[in-house]
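Undergrad: Quick one, coords_25.pdb (PDB, C-alpha atoms and all ligand atoms):
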```pdb
ATOM      1  CA  MET A   1      -9.642 -14.760   4.288
ATOM      2  CA  SER A   2      -6.305 -15.991   5.561
ATOM      3  CA  ALA A   3      -2.955 -14.960   4.230
ATOM      4  CA  LEU A   4      -2.622 -18.498   2.960
ATOM      5  CA  ASN A   5      -5.804 -18.178   0.947
ATOM      6  CA  ARG A   6      -5.089 -14.792  -0.452
ATOM      7  CA  ALA A   7      -1.515 -15.436  -1.548
ATOM      8  CA  PRO A   8      -2.376 -17.572  -4.588
ATOM      9  CA  HIS A   9      -5.310 -15.303  -5.390
ATOM     10  CA  ARG A  10      -3.060 -12.292  -5.529
ATOM     11  CA  ALA A  11      -0.237 -14.226  -7.117
ATOM     12  CA  SER A  12      -2.264 -15.035 -10.177
ATOM     13  CA  ARG A  13      -2.582 -11.342 -10.875
ATOM     14  CA  VAL A  14       0.766  -9.800 -10.114
ATOM     15  CA  THR A  15       2.956 -11.981 -12.245
ATOM     16  CA  SER A  16       2.771 -10.162 -15.573
ATOM     17  CA  GLU A  17       3.920  -6.737 -16.681
ATOM     18  CA  PRO A  18       2.001  -4.329 -14.471
ATOM     19  CA  SER A  19       2.043  -1.306 -16.726
ATOM     20  CA  ARG A  20      -0.156  -3.043 -19.244
ATOM     21  CA  ASP A  21      -3.460  -1.398 -20.006
ATOM     22  CA  ALA A  22      -5.542  -4.543 -19.629
ATOM     23  CA  SER A  23      -7.500  -5.187 -16.483
ATOM     24  CA  PRO A  24      -5.720  -7.919 -14.508
ATOM     25  CA  ASN A  25      -8.740 -10.156 -14.396
ATOM     26  CA  GLY A  26      -9.987  -9.328 -17.866
ATOM     27  CA  SER A  27     -13.152  -7.693 -16.621
ATOM     28  CA  PRO A  28     -13.940  -4.218 -17.851
ATOM     29  CA  HIS A  29     -13.425  -1.452 -15.382
ATOM     30  CA  ASN A  30     -15.095   1.779 -16.250
ATOM     31  CA  SER A  31     -12.821   4.159 -14.392
ATOM     32  CA  ARG A  32     -14.085   7.034 -16.512
ATOM     33  CA  ASP A  33     -17.109   7.055 -14.270
ATOM     34  CA  GLY A  34     -15.127   8.684 -11.534
ATOM     35  CA  SER A  35     -17.707  10.814  -9.834
ATOM     36  CA  PRO A  36     -17.062  11.036  -6.098
ATOM     37  CA  ALA A  37     -18.865   8.381  -4.092
ATOM     38  CA  PRO A  38     -21.372   9.642  -1.559
ATOM     39  CA  VAL A  39     -20.233   8.851   1.951
ATOM     40  CA  PRO A  40     -22.536   8.306   4.907
ATOM     41  CA  ASP A  41     -23.039  11.149   7.375
ATOM     42  CA  GLY A  42     -22.667  13.860   4.853
ATOM     43  CA  THR A  43     -19.066  13.805   3.732
ATOM     44  CA  ASP A  44     -17.898  12.757   0.296
ATOM     45  CA  ALA A  45     -14.763  10.982  -0.828
ATOM     46  CA  VAL A  46     -12.709  14.174  -0.717
ATOM     47  CA  GLY A  47      -9.915  13.821   1.810
ATOM     48  CA  LEU A  48     -10.128  10.050   2.169
ATOM     49  CA  VAL A  49      -6.832   8.183   1.995
ATOM     50  CA  ASP A  50      -6.119   5.139  -0.194
ATOM     51  CA  PHE A  51      -2.539   4.415   0.701
ATOM     52  CA  HIS A  52      -2.119   1.301  -1.473
ATOM     53  CA  CYS A  53      -3.735   1.056  -4.893
ATOM     54  CA  HIS A  54      -2.370  -0.346  -8.157
ATOM     55  CA  LEU A  55      -3.697   2.321 -10.518
ATOM     56  CA  ASP A  56      -1.481   0.983 -13.311
ATOM     57  CA  LEU A  57      -3.291  -2.365 -13.282
ATOM     58  CA  TYR A  58      -6.696  -0.930 -14.229
ATOM     59  CA  GLU A  59      -7.943  -1.178 -17.771
ATOM     60  CA  ASP A  60      -7.050   2.455 -18.444
ATOM     61  CA  HIS A  61      -4.209   3.668 -16.247
ATOM     62  CA  ALA A  62      -4.507   7.355 -17.140
ATOM     63  CA  ALA A  63      -8.265   7.320 -16.571
ATOM     64  CA  ALA A  64      -7.786   5.623 -13.190
ATOM     65  CA  VAL A  65      -5.351   8.350 -12.112
ATOM     66  CA  ALA A  66      -7.718  11.048 -13.355
ATOM     67  CA  ALA A  67     -10.658   9.472 -11.517
ATOM     68  CA  ALA A  68      -8.748   9.325  -8.225
ATOM     69  CA  GLU A  69      -7.748  12.948  -8.665
ATOM     70  CA  ARG A  70     -11.320  14.001  -9.463
ATOM     71  CA  ALA A  71     -12.643  12.087  -6.453
ATOM     72  CA  GLY A  72     -10.180  13.928  -4.221
ATOM     73  CA  VAL A  73      -8.921  10.705  -2.646
ATOM     74  CA  ARG A  74      -5.309  10.926  -1.516
ATOM     75  CA  THR A  75      -4.061   7.887  -3.401
ATOM     76  CA  LEU A  76      -0.689   6.178  -3.257
ATOM     77  CA  ALA A  77      -0.216   4.488  -6.632
ATOM     78  CA  VAL A  78       2.058   1.542  -5.935
ATOM     79  CA  THR A  79       4.018  -0.295  -8.615
ATOM     80  CA  THR A  80       5.315  -3.847  -8.902
ATOM     81  CA  THR A  81       8.392  -3.350 -11.098
ATOM     82  CA  PRO A  82      10.687  -0.355 -11.450
ATOM     83  CA  ARG A  83      10.004  -0.374 -15.193
ATOM     84  CA  ALA A  84       6.524   0.929 -14.335
ATOM     85  CA  TRP A  85       7.954   3.924 -12.482
ATOM     86  CA  PRO A  86       8.408   6.486 -15.293
ATOM     87  CA  ARG A  87       4.803   6.314 -16.484
ATOM     88  CA  ASN A  88       3.355   6.215 -12.966
ATOM     89  CA  HIS A  89       5.534   9.152 -12.002
ATOM     90  CA  ALA A  90       4.561  11.127 -15.089
ATOM     91  CA  LEU A  91       0.826  10.531 -14.685
ATOM     92  CA  SER A  92       0.778  11.435 -10.990
ATOM     93  CA  SER A  93       3.123  14.388 -11.037
ATOM     94  CA  GLY A  94       0.518  16.792 -12.361
ATOM     95  CA  THR A  95      -2.058  15.836  -9.741
ATOM     96  CA  ARG A  96      -2.857  17.171  -6.284
ATOM     97  CA  HIS A  97      -3.968  13.888  -4.754
ATOM     98  CA  VAL A  98      -2.116  11.030  -6.449
ATOM     99  CA  ARG A  99       1.466  10.067  -5.610
ATOM    100  CA  ALA A 100       3.441   7.237  -7.179
ATOM    101  CA  ALA A 101       5.566   4.725  -5.292
ATOM    102  CA  LEU A 102       8.612   2.927  -6.681
ATOM    103  CA  GLY A 103       8.243  -0.824  -6.265
ATOM    104  CA  LEU A 104       9.715  -4.252  -6.791
ATOM    105  CA  HIS A 105       7.044  -6.714  -5.668
ATOM    106  CA  PRO A 106       8.247  -9.733  -3.665
ATOM    107  CA  GLN A 107       6.101 -12.025  -5.808
ATOM    108  CA  LEU A 108       8.106 -10.878  -8.838
ATOM    109  CA  VAL A 109      11.571 -11.053  -7.290
ATOM    110  CA  GLY A 110      12.031 -14.639  -8.479
ATOM    111  CA  GLU A 111      12.076 -13.385 -12.077
ATOM    112  CA  ARG A 112      13.065  -9.772 -11.588
ATOM    113  CA  ALA A 113      15.695  -9.554  -8.854
ATOM    114  CA  GLY A 114      18.012  -8.303 -11.614
ATOM    115  CA  GLU A 115      15.920  -5.127 -11.839
ATOM    116  CA  PHE A 116      17.141  -3.947  -8.454
ATOM    117  CA  PRO A 117      19.702  -1.556 -10.032
ATOM    118  CA  ILE A 118      16.884   0.004 -12.082
ATOM    119  CA  TRP A 119      14.873   0.424  -8.886
ATOM    120  CA  GLU A 120      17.837   1.999  -7.131
ATOM    121  CA  GLY A 121      18.462   4.324 -10.066
ATOM    122  CA  TYR A 122      15.012   5.883  -9.645
ATOM    123  CA  LEU A 123      15.050   6.119  -5.856
ATOM    124  CA  ALA A 124      16.159   9.746  -5.710
ATOM    125  CA  GLU A 125      13.039  10.724  -7.731
ATOM    126  CA  THR A 126      10.544   9.593  -5.114
ATOM    127  CA  ARG A 127       9.537   9.961  -1.506
ATOM    128  CA  TYR A 128       7.362   6.823  -1.726
ATOM    129  CA  VAL A 129       8.541   3.233  -2.114
ATOM    130  CA  GLY A 130       6.439   0.131  -2.775
ATOM    131  CA  GLU A 131       5.217  -2.369  -3.243
ATOM    132  CA  VAL A 132       8.165  -4.104  -1.612
ATOM    133  CA  GLY A 133       8.429  -6.723   1.124
ATOM    134  CA  LEU A 134       8.382 -10.486   1.608
ATOM    135  CA  ASP A 135       6.007 -13.282   0.599
ATOM    136  CA  ALA A 136       6.512 -16.723   2.146
ATOM    137  CA  GLY A 137       3.318 -18.166   0.711
ATOM    138  CA  PRO A 138       3.693 -21.559  -0.966
ATOM    139  CA  ARG A 139       3.954 -20.190  -4.499
ATOM    140  CA  PHE A 140       6.754 -17.787  -3.668
ATOM    141  CA  TYR A 141       8.678 -19.573  -0.979
ATOM    142  CA  GLY A 142      11.215 -20.730  -3.584
ATOM    143  CA  SER A 143      12.390 -17.160  -4.036
ATOM    144  CA  PHE A 144      12.314 -16.280  -0.334
ATOM    145  CA  GLY A 145      16.098 -16.040  -0.056
ATOM    146  CA  ALA A 146      16.260 -13.722  -3.063
ATOM    147  CA  GLN A 147      13.340 -11.709  -1.635
ATOM    148  CA  GLN A 148      15.187 -11.223   1.648
ATOM    149  CA  ALA A 149      18.304 -10.104  -0.210
ATOM    150  CA  VAL A 150      16.356  -7.601  -2.332
ATOM    151  CA  PHE A 151      14.280  -6.283   0.586
ATOM    152  CA  THR A 152      17.461  -5.825   2.637
ATOM    153  CA  ARG A 153      19.004  -3.762  -0.177
ATOM    154  CA  VAL A 154      15.769  -1.769  -0.530
ATOM    155  CA  LEU A 155      15.792  -0.926   3.194
ATOM    156  CA  GLN A 156      19.489  -0.070   3.181
ATOM    157  CA  ALA A 157      19.099   2.213   0.165
ATOM    158  CA  CYS A 158      16.099   3.933   1.788
ATOM    159  CA  ALA A 159      18.056   4.410   5.015
ATOM    160  CA  ARG A 160      20.936   5.966   3.084
ATOM    161  CA  HIS A 161      18.652   8.387   1.244
ATOM    162  CA  GLY A 162      16.434   9.171   4.252
ATOM    163  CA  GLY A 163      12.887  10.537   4.291
ATOM    164  CA  LYS A 164      11.229   7.653   2.418
ATOM    165  CA  ILE A 165       7.822   6.143   3.163
ATOM    166  CA  LEU A 166       7.522   2.454   2.260
ATOM    167  CA  THR A 167       4.369   0.407   1.673
ATOM    168  CA  VAL A 168       5.330  -3.145   2.592
ATOM    169  CA  HIS A 169       3.829  -6.543   1.742
ATOM    170  CA  SER A 170       4.236  -9.270   4.399
ATOM    171  CA  VAL A 171       2.434 -12.507   3.596
ATOM    172  CA  ARG A 172       3.313 -15.223   6.137
ATOM    173  CA  ALA A 173       6.470 -13.256   6.802
ATOM    174  CA  ALA A 174       5.628 -10.657   9.460
ATOM    175  CA  ALA A 175       8.502 -11.565  11.780
ATOM    176  CA  ALA A 176      11.042 -11.706   8.943
ATOM    177  CA  VAL A 177       9.866  -8.338   7.612
ATOM    178  CA  LEU A 178      10.150  -6.778  11.070
ATOM    179  CA  ASP A 179      13.595  -8.310  11.624
ATOM    180  CA  LEU A 180      14.880  -6.652   8.448
ATOM    181  CA  ILE A 181      13.226  -3.309   9.207
ATOM    182  CA  GLU A 182      14.720  -3.352  12.708
ATOM    183  CA  ALA A 183      18.167  -4.169  11.312
ATOM    184  CA  HIS A 184      18.248  -1.788   8.345
ATOM    185  CA  LEU A 185      15.759   1.070   8.576
ATOM    186  CA  PRO A 186      15.822   2.860  11.931
ATOM    187  CA  PRO A 187      12.805   5.192  12.370
ATOM    188  CA  PRO A 188      14.794   8.422  11.950
ATOM    189  CA  ARG A 189      15.825   7.244   8.456
ATOM    190  CA  GLY A 190      12.370   6.347   7.089
ATOM    191  CA  ARG A 191       8.923   4.978   7.880
ATOM    192  CA  VAL A 192       7.144   1.767   6.959
ATOM    193  CA  VAL A 193       3.438   1.283   6.337
ATOM    194  CA  LEU A 194       2.531  -2.385   6.656
ATOM    195  CA  HIS A 195      -0.011  -3.094   3.939
ATOM    196  CA  TRP A 196      -2.690  -5.771   4.561
ATOM    197  CA  PHE A 197      -0.896  -6.833   7.726
ATOM    198  CA  THR A 198      -1.897 -10.303   8.972
ATOM    199  CA  GLY A 199       0.707 -11.007  11.643
ATOM    200  CA  SER A 200      -0.044 -11.723  15.280
ATOM    201  CA  LYS A 201      -0.937  -9.140  17.905
ATOM    202  CA  ALA A 202       2.604  -9.511  19.262
ATOM    203  CA  ASP A 203       3.979  -8.804  15.766
ATOM    204  CA  ALA A 204       1.728  -5.749  15.570
ATOM    205  CA  ARG A 205       3.017  -4.420  18.910
ATOM    206  CA  ARG A 206       6.569  -4.949  17.761
ATOM    207  CA  ALA A 207       5.822  -3.181  14.464
ATOM    208  CA  ALA A 208       4.323  -0.226  16.311
ATOM    209  CA  ASP A 209       7.427  -0.069  18.526
ATOM    210  CA  LEU A 210       9.488   0.108  15.328
ATOM    211  CA  GLY A 211       7.457   3.131  14.216
ATOM    212  CA  CYS A 212       5.362   1.317  11.617
ATOM    213  CA  TYR A 213       1.918   2.333  10.401
ATOM    214  CA  PHE A 214      -0.760  -0.043   9.111
ATOM    215  CA  SER A 215      -2.929   0.411   6.035
ATOM    216  CA  VAL A 216      -6.216  -1.416   6.535
ATOM    217  CA  ASN A 217      -8.651  -2.446   3.795
ATOM    218  CA  ALA A 218     -12.294  -3.469   3.905
ATOM    219  CA  ALA A 219     -11.505  -7.140   3.264
ATOM    220  CA  MET A 220      -9.437  -7.281   6.468
ATOM    221  CA  LEU A 221     -12.458  -6.025   8.404
ATOM    222  CA  GLN A 222     -14.828  -8.545   6.865
ATOM    223  CA  THR A 223     -13.070 -11.603   8.289
ATOM    224  CA  GLU A 224     -13.745 -12.743  11.857
ATOM    225  CA  ARG A 225     -10.206 -13.966  12.069
ATOM    226  CA  HIS A 226      -8.530 -10.638  11.352
ATOM    227  CA  ARG A 227     -10.915  -8.147  12.904
ATOM    228  CA  PRO A 228      -9.510  -8.612  16.460
ATOM    229  CA  LEU A 229      -6.026  -7.915  15.127
ATOM    230  CA  VAL A 230      -7.195  -4.762  13.363
ATOM    231  CA  ALA A 231      -8.967  -3.673  16.555
ATOM    232  CA  ALA A 232      -5.677  -4.054  18.448
ATOM    233  CA  LEU A 233      -3.700  -1.780  16.105
ATOM    234  CA  PRO A 234      -2.903   1.624  17.641
ATOM    235  CA  ILE A 235      -5.427   4.120  16.346
ATOM    236  CA  ASP A 236      -2.756   6.754  15.754
ATOM    237  CA  ARG A 237      -0.983   4.419  13.303
ATOM    238  CA  LEU A 238      -3.982   3.579  11.133
ATOM    239  CA  LEU A 239      -4.190   4.393   7.449
ATOM    240  CA  THR A 240      -6.639   2.983   4.900
ATOM    241  CA  GLU A 241      -6.235   1.307   1.514
ATOM    242  CA  THR A 242      -8.150  -0.543  -1.176
ATOM    243  CA  ASP A 243      -5.347  -2.633  -2.762
ATOM    244  CA  GLY A 244      -7.421  -2.181  -5.915
ATOM    245  CA  PRO A 245      -7.833  -3.844  -8.312
ATOM    246  CA  PHE A 246      -7.023  -6.928  -6.202
ATOM    247  CA  THR A 247     -10.077  -6.410  -4.014
ATOM    248  CA  ALA A 248     -13.678  -6.135  -5.122
ATOM    249  CA  THR A 249     -16.413  -3.701  -4.188
ATOM    250  CA  ALA A 250     -19.952  -4.461  -5.336
ATOM    251  CA  GLY A 251     -18.637  -7.174  -7.644
ATOM    252  CA  ARG A 252     -16.152  -5.020  -9.571
ATOM    253  CA  PRO A 253     -12.517  -4.042  -8.895
ATOM    254  CA  SER A 254     -12.322  -1.573  -5.997
ATOM    255  CA  ARG A 255     -11.568   2.054  -6.858
ATOM    256  CA  PRO A 256      -9.858   4.547  -4.541
ATOM    257  CA  GLU A 257     -13.138   6.143  -3.394
ATOM    258  CA  ASP A 258     -14.271   2.690  -2.232
ATOM    259  CA  VAL A 259     -11.796   3.140   0.614
ATOM    260  CA  VAL A 260     -14.774   4.642   2.441
ATOM    261  CA  HIS A 261     -15.766   1.064   3.334
ATOM    262  CA  ALA A 262     -12.502   0.589   5.210
ATOM    263  CA  VAL A 263     -13.126   3.886   7.001
ATOM    264  CA  GLU A 264     -16.641   2.711   7.911
ATOM    265  CA  GLY A 265     -15.299  -0.556   9.306
ATOM    266  CA  LEU A 266     -12.683   1.220  11.405
ATOM    267  CA  ALA A 267     -15.294   3.721  12.586
ATOM    268  CA  ARG A 268     -17.447   0.841  13.860
ATOM    269  CA  LEU A 269     -14.497  -0.811  15.610
ATOM    270  CA  HIS A 270     -13.586   2.433  17.363
ATOM    271  CA  SER A 271     -17.139   3.686  18.002
ATOM    272  CA  ARG A 272     -16.662   6.851  15.987
ATOM    273  CA  SER A 273     -18.570   8.418  13.174
ATOM    274  CA  VAL A 274     -17.280   7.858   9.657
ATOM    275  CA  ARG A 275     -16.432  11.539   9.464
ATOM    276  CA  GLU A 276     -14.408  11.369  12.695
ATOM    277  CA  MET A 277     -12.578   8.258  11.566
ATOM    278  CA  ALA A 278     -11.760   9.841   8.205
ATOM    279  CA  GLY A 279     -10.299  12.742  10.193
ATOM    280  CA  VAL A 280      -8.180  10.380  12.302
ATOM    281  CA  VAL A 281      -6.726   8.807   9.151
ATOM    282  CA  ARG A 282      -6.027  12.230   7.639
ATOM    283  CA  THR A 283      -4.263  13.308  10.824
ATOM    284  CA  ASN A 284      -2.213  10.101  10.852
ATOM    285  CA  LEU A 285      -1.132  10.688   7.263
ATOM    286  CA  ARG A 286      -0.150  14.246   8.143
ATOM    287  CA  THR A 287       1.918  12.945  11.069
ATOM    288  CA  LEU A 288       3.597  10.324   8.877
ATOM    289  CA  LEU A 289       4.521  12.992   6.340
ATOM    290  CA  ALA A 290       5.882  15.258   9.079
ATOM    291  CA  GLU A 291       7.958  12.414  10.522
ATOM    292  CA  THR A 292       9.638  11.889   7.176
ATOM    293  CA  GLU A 293      10.235  15.519   6.307
ATOM    294  CA  PRO A 294      13.808  16.012   5.196
ATOM    295  CA  ASP A 295      15.855  17.320   8.082
ATOM    296  CA  PRO A 296      16.661  20.970   7.307
ATOM    297  CA  GLU A 297      19.984  20.500   9.081
ATOM    298  CA  GLY A 298      20.770  17.704   6.608
TER
HETATM  299 MN    MN A 301      -0.740  -4.641  -3.527
END
```
For this file, produce the structure as structure tokens.
Ligand code: MN
TA:
Amino acid sequence: MSALNRAPHRASRVTSEPSRDASPNGSPHNSRDGSPAPVPDGTDAVGLVDFHCHLDLYEDHAAAVAAAERAGVRTLAVTTTPRAWPRNHALSSGTRHVRAALGLHPQLVGERAGEFPIWEGYLAETRYVGEVGLDAGPRFYGSFGAQQAVFTRVLQACARHGGKILTVHSVRAAAAVLDLIEAHLPPPRGRVVLHWFTGSKADARRAADLGCYFSVNAAMLQTERHRPLVAALPIDRLLTETDGPFTATAGRPSRPEDVVHAVEGLARLHSRSVREMAGVVRTNLRTLLAETEPDPEG
């Protein structure tokens, strides 16, 4: 699936208030059935990493958070408007495994650029930022200038605060995203995870040189076109994600424990066992967290 194809698909689902309790595609999602998924070669979902999931877009937000927590999947709950932050923050703050990220989605900037001050007002409450970024797909190109302005201010604010980890959307805009990161968020001031990255191999090398990580989902590994790119990403920068509920597993919206399929795909690409690959991702997350630890010297 190309970036071009997925942009409208995703667009149709991100454009309304994200903190609603309805499933984005109207299909029921029984997130109460949150028992950990069995994982091949003897592990379970405990300790897997879903670094980009929209828990607030499932039919029952609280149940989705509880299910991720019960499954033991380290889940980054991204948001699309800053108005969704307080509830996401409240629901995740009592958990061991779920963390909320403060977002302003590029597909919503056309209507919601005015919410930037709200976003900025919450920034001190979080270590995690997203979903933010740029979308130059046909449906959102009209707001591309406003998106660049907002993303620039997001990066500048994160650089000022320091220690933030950002999950970044880049549809048909890899070079523009990297230009802004290079200009406004030097690696000592924060780290970027490129979510569902579909740039070129040269873009990927440049991103790695800028200190970026990559969160890979199962859909990226299912397409012949993108698999060579994923294979070229540095293994020590790989994280995993579902981007649920915008991806499907077994015909229903993906849940955090479904991230095992991304781990399986990466394991095949790198000729490792699923258990080994899950360990690589865990180590990478640990490194990312260490790189963004607040400097004790200030
Ligand atoms: Mn997303």
Undergrad: Evaluating the PyMOL selection byres (((not hetatm)) within 7 of (chain A and resi 301)) on the displayed file yields which residues, as a PyMOL selection string?
TA: chain A and resi 52-54+131+243
Undergrad: Next, dump the selected residues to file, keeping only C-alpha atoms, as a short mmCIF file (atom, residue, chain, number, x, y, z; two decimals), keeping the file's coordinate frame.
TA:
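Here's the written file again_12.cif:
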```
data_model
loop_
_atom_site.label_atom_id
_atom_site.label_comp_id
_atom_site.auth_asym_id
_atom_site.auth_seq_id
_atom_site.Cartn_x
_atom_site.Cartn_y
_atom_site.Cartn_z
CA HIS A 52 -2.12 1.30 -1.47
CA CYS A 53 -3.74 1.06 -4.89
CA HIS A 54 -2.37 -0.35 -8.16
CA GLU A 131 5.22 -2.37 -3.24
CA ASP A 243 -5.35 -2.63 -2.76
#
```
Undergrad: Pick out the closest residue to Asp203 (chain A) from this set: A:Glu257, A:Asp135, A:Asp179, A:Glu241. Count all atoms listed in the file.
TA: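 Looking at the shortest contact to Asp203 (chain A), the residue is A:Asp179.
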Undergrad: Can you turn the PyMOL selection byres (((chain A and resi 199) around 10) and not hetatm) into a concrete residue list for this file, as a ChimeraX atom specification?
TA: /A:3,170-175,196-198,200-204,207,226,229
Undergrad: I'd like the neighbourhood of Gly142 (chain A) as a ChimeraX atom specification, where a residue qualifies if any of its atoms comes within 12 Å (using all atoms listed in the file), though same-chain residues fewer than 6 positions away should be ignored.
TA: /A:106-111,134-136,148
Undergrad: Find the distance between CA of Arg127 (chain A) and CA of Leu76 (chain A) and write it in Å to one decimal.
TA: 11.0 Å
Undergrad: Between CA of Glu115 (chain A) and CA of Ala159 (chain A), what is the distance, to one decimal in Å?
TA: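 Distance between the two atoms: 19.5 Å.
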Undergrad: How would you write, as an mmCIF file with C-alpha atoms, keeping the file's coordinate frame, the residues chosen by the PyMOL selection byres (((chain A and resi 91) around 9) and not hetatm) on this structure?
TA:
```
data_model
loop_
_atom_site.group_PDB
_atom_site.id
_atom_site.type_symbol
_atom_site.label_atom_id
_atom_site.label_comp_id
_atom_site.auth_asym_id
_atom_site.auth_seq_id
_atom_site.Cartn_x
_atom_site.Cartn_y
_atom_site.Cartn_z
ATOM 1 C CA HIS A 61 -4.209 3.668 -16.247
ATOM 2 C CA ALA A 62 -4.507 7.355 -17.140
ATOM 3 C CA VAL A 65 -5.351 8.350 -12.112
ATOM 4 C CA ALA A 66 -7.718 11.048 -13.355
ATOM 5 C CA PRO A 86 8.408 6.486 -15.293
ATOM 6 C CA ARG A 87 4.803 6.314 -16.484
ATOM 7 C CA ASN A 88 3.355 6.215 -12.966
ATOM 8 C CA HIS A 89 5.534 9.152 -12.002
ATOM 9 C CA ALA A 90 4.561 11.127 -15.089
ATOM 10 C CA SER A 92 0.778 11.435 -10.990
ATOM 11 C CA SER A 93 3.123 14.388 -11.037
ATOM 12 C CA GLY A 94 0.518 16.792 -12.361
ATOM 13 C CA THR A 95 -2.058 15.836 -9.741
ATOM 14 C CA VAL A 98 -2.116 11.030 -6.449
ATOM 15 C CA ALA A 100 3.441 7.237 -7.179
#
```
Undergrad: Set the distance at 7 Å and use all atoms listed in the file: which residues neighbour Gly133 (chain A) once local chain neighbours fewer than 6 positions away are removed? I'd like the list as JSON, numbers by chain.
TA: {"A": [105, 106, 151, 168, 169, 170, 177]}
Undergrad: Set the distance at 8 Å and use all atoms listed in the file: which residues neighbour Leu238 (chain A) once local chain neighbours fewer than 5 positions away are removed? I'd like the list as a ChimeraX atom specification.
TA: /A:213-216,233,281,284
Undergrad: Go ahead and compute the interatomic distance for CA of Asp56 (chain A) and CA of Arg99 (chain A), in Å to one decimal.
TA: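 So the two atoms, CA of Asp56 (chain A) and CA of Arg99 (chain A), lie 12.3 Å apart.
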Undergrad: Find, counting all atoms listed in the file, the residue in A:Glu276, A:Pro245, A:Gln147, A:Leu288 that gets nearest to Asp60 (chain A).
TA: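 Looking at the shortest contact to Asp60 (chain A), the residue is A:Pro245.
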Undergrad: Pick from A:Arg227, A:Gly121, A:Thr249, A:Thr242: nearest to Leu266 (chain A), with all atoms listed in the file counted?
TA: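 Comparing A:Arg227, A:Gly121, A:Thr249, A:Thr242 against Leu266 (chain A), the winner is A:Arg227.
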Undergrad: Just checking: using all atoms listed in the file, which residue out of A:Gly47, A:Pro228, A:Gly279, A:Gly162 ends up closest to Val129 (chain A)?
TA: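 Checking each of A:Gly47, A:Pro228, A:Gly279, A:Gly162 against Val129 (chain A), counting all atoms listed in the file, the winner is A:Gly162.
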Undergrad: Which of these residues is nearest to Asp258 (chain A), using only C-alpha atoms: A:Ala149, A:Ala218, A:Cys158, A:Ile235?
TA: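 Once distances to Asp258 (chain A) are computed over only C-alpha atoms, the minimum belongs to A:Ala218.
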Undergrad: Given the choices A:His270, A:Arg255, A:Arg191, A:Arg286, which gets closest to Ala71 (chain A) if the distance is worked out from only C-alpha atoms?
TA: A:Arg255
Undergrad: If we count all atoms listed in the file and set the cut-off at 10 Å, which residues sit around Arg160 (chain A), ignoring sequence neighbours fewer than 2 positions away in its own chain? Please answer as a list in words.
TA: Val154, Leu155, Gln156, Ala157, Cys158, Gly162, Gly163, Lys164, His184, Leu185, Arg189 and Gly190 of chain A
Undergrad: Start from the incomplete input, build N, CA and C atoms for region 283-294 of chain A, and deliver everything as a short mmCIF file (atom, residue, chain, number, x, y, z; two decimals), in the frame of the given file.
TA:
```cif
data_model
loop_
_atom_site.label_atom_id
_atom_site.label_comp_id
_atom_site.auth_asym_id
_atom_site.auth_seq_id
_atom_site.Cartn_x
_atom_site.Cartn_y
_atom_site.Cartn_z
N THR A 283 -5.25 12.84 9.85
CA THR A 283 -4.26 13.31 10.82
C THR A 283 -3.06 12.38 10.86
N ASN A 284 -3.32 11.06 10.83
CA ASN A 284 -2.21 10.10 10.85
C ASN A 284 -1.31 10.27 9.63
N LEU A 285 -1.93 10.49 8.47
CA LEU A 285 -1.13 10.69 7.26
C LEU A 285 -0.28 11.96 7.40
N ARG A 286 -0.89 13.00 7.96
CA ARG A 286 -0.15 14.25 8.14
C ARG A 286 1.06 14.02 9.07
N THR A 287 0.83 13.25 10.13
CA THR A 287 1.92 12.94 11.07
C THR A 287 3.03 12.15 10.38
N LEU A 288 2.62 11.14 9.61
CA LEU A 288 3.60 10.32 8.88
C LEU A 288 4.44 11.20 7.95
N LEU A 289 3.78 12.11 7.26
CA LEU A 289 4.52 12.99 6.34
C LEU A 289 5.47 13.89 7.13
N ALA A 290 5.02 14.39 8.27
CA ALA A 290 5.88 15.26 9.08
C ALA A 290 7.10 14.49 9.63
N GLU A 291 6.86 13.22 9.97
CA GLU A 291 7.96 12.41 10.52
C GLU A 291 9.03 12.12 9.49
N THR A 292 8.68 12.22 8.22
CA THR A 292 9.64 11.89 7.18
C THR A 292 10.07 13.12 6.40
N GLU A 293 9.75 14.28 6.94
CA GLU A 293 10.24 15.52 6.31
C GLU A 293 11.76 15.50 6.30
N PRO A 294 12.34 15.92 5.20
CA PRO A 294 13.81 16.01 5.20
C PRO A 294 14.27 16.95 6.30
#
```
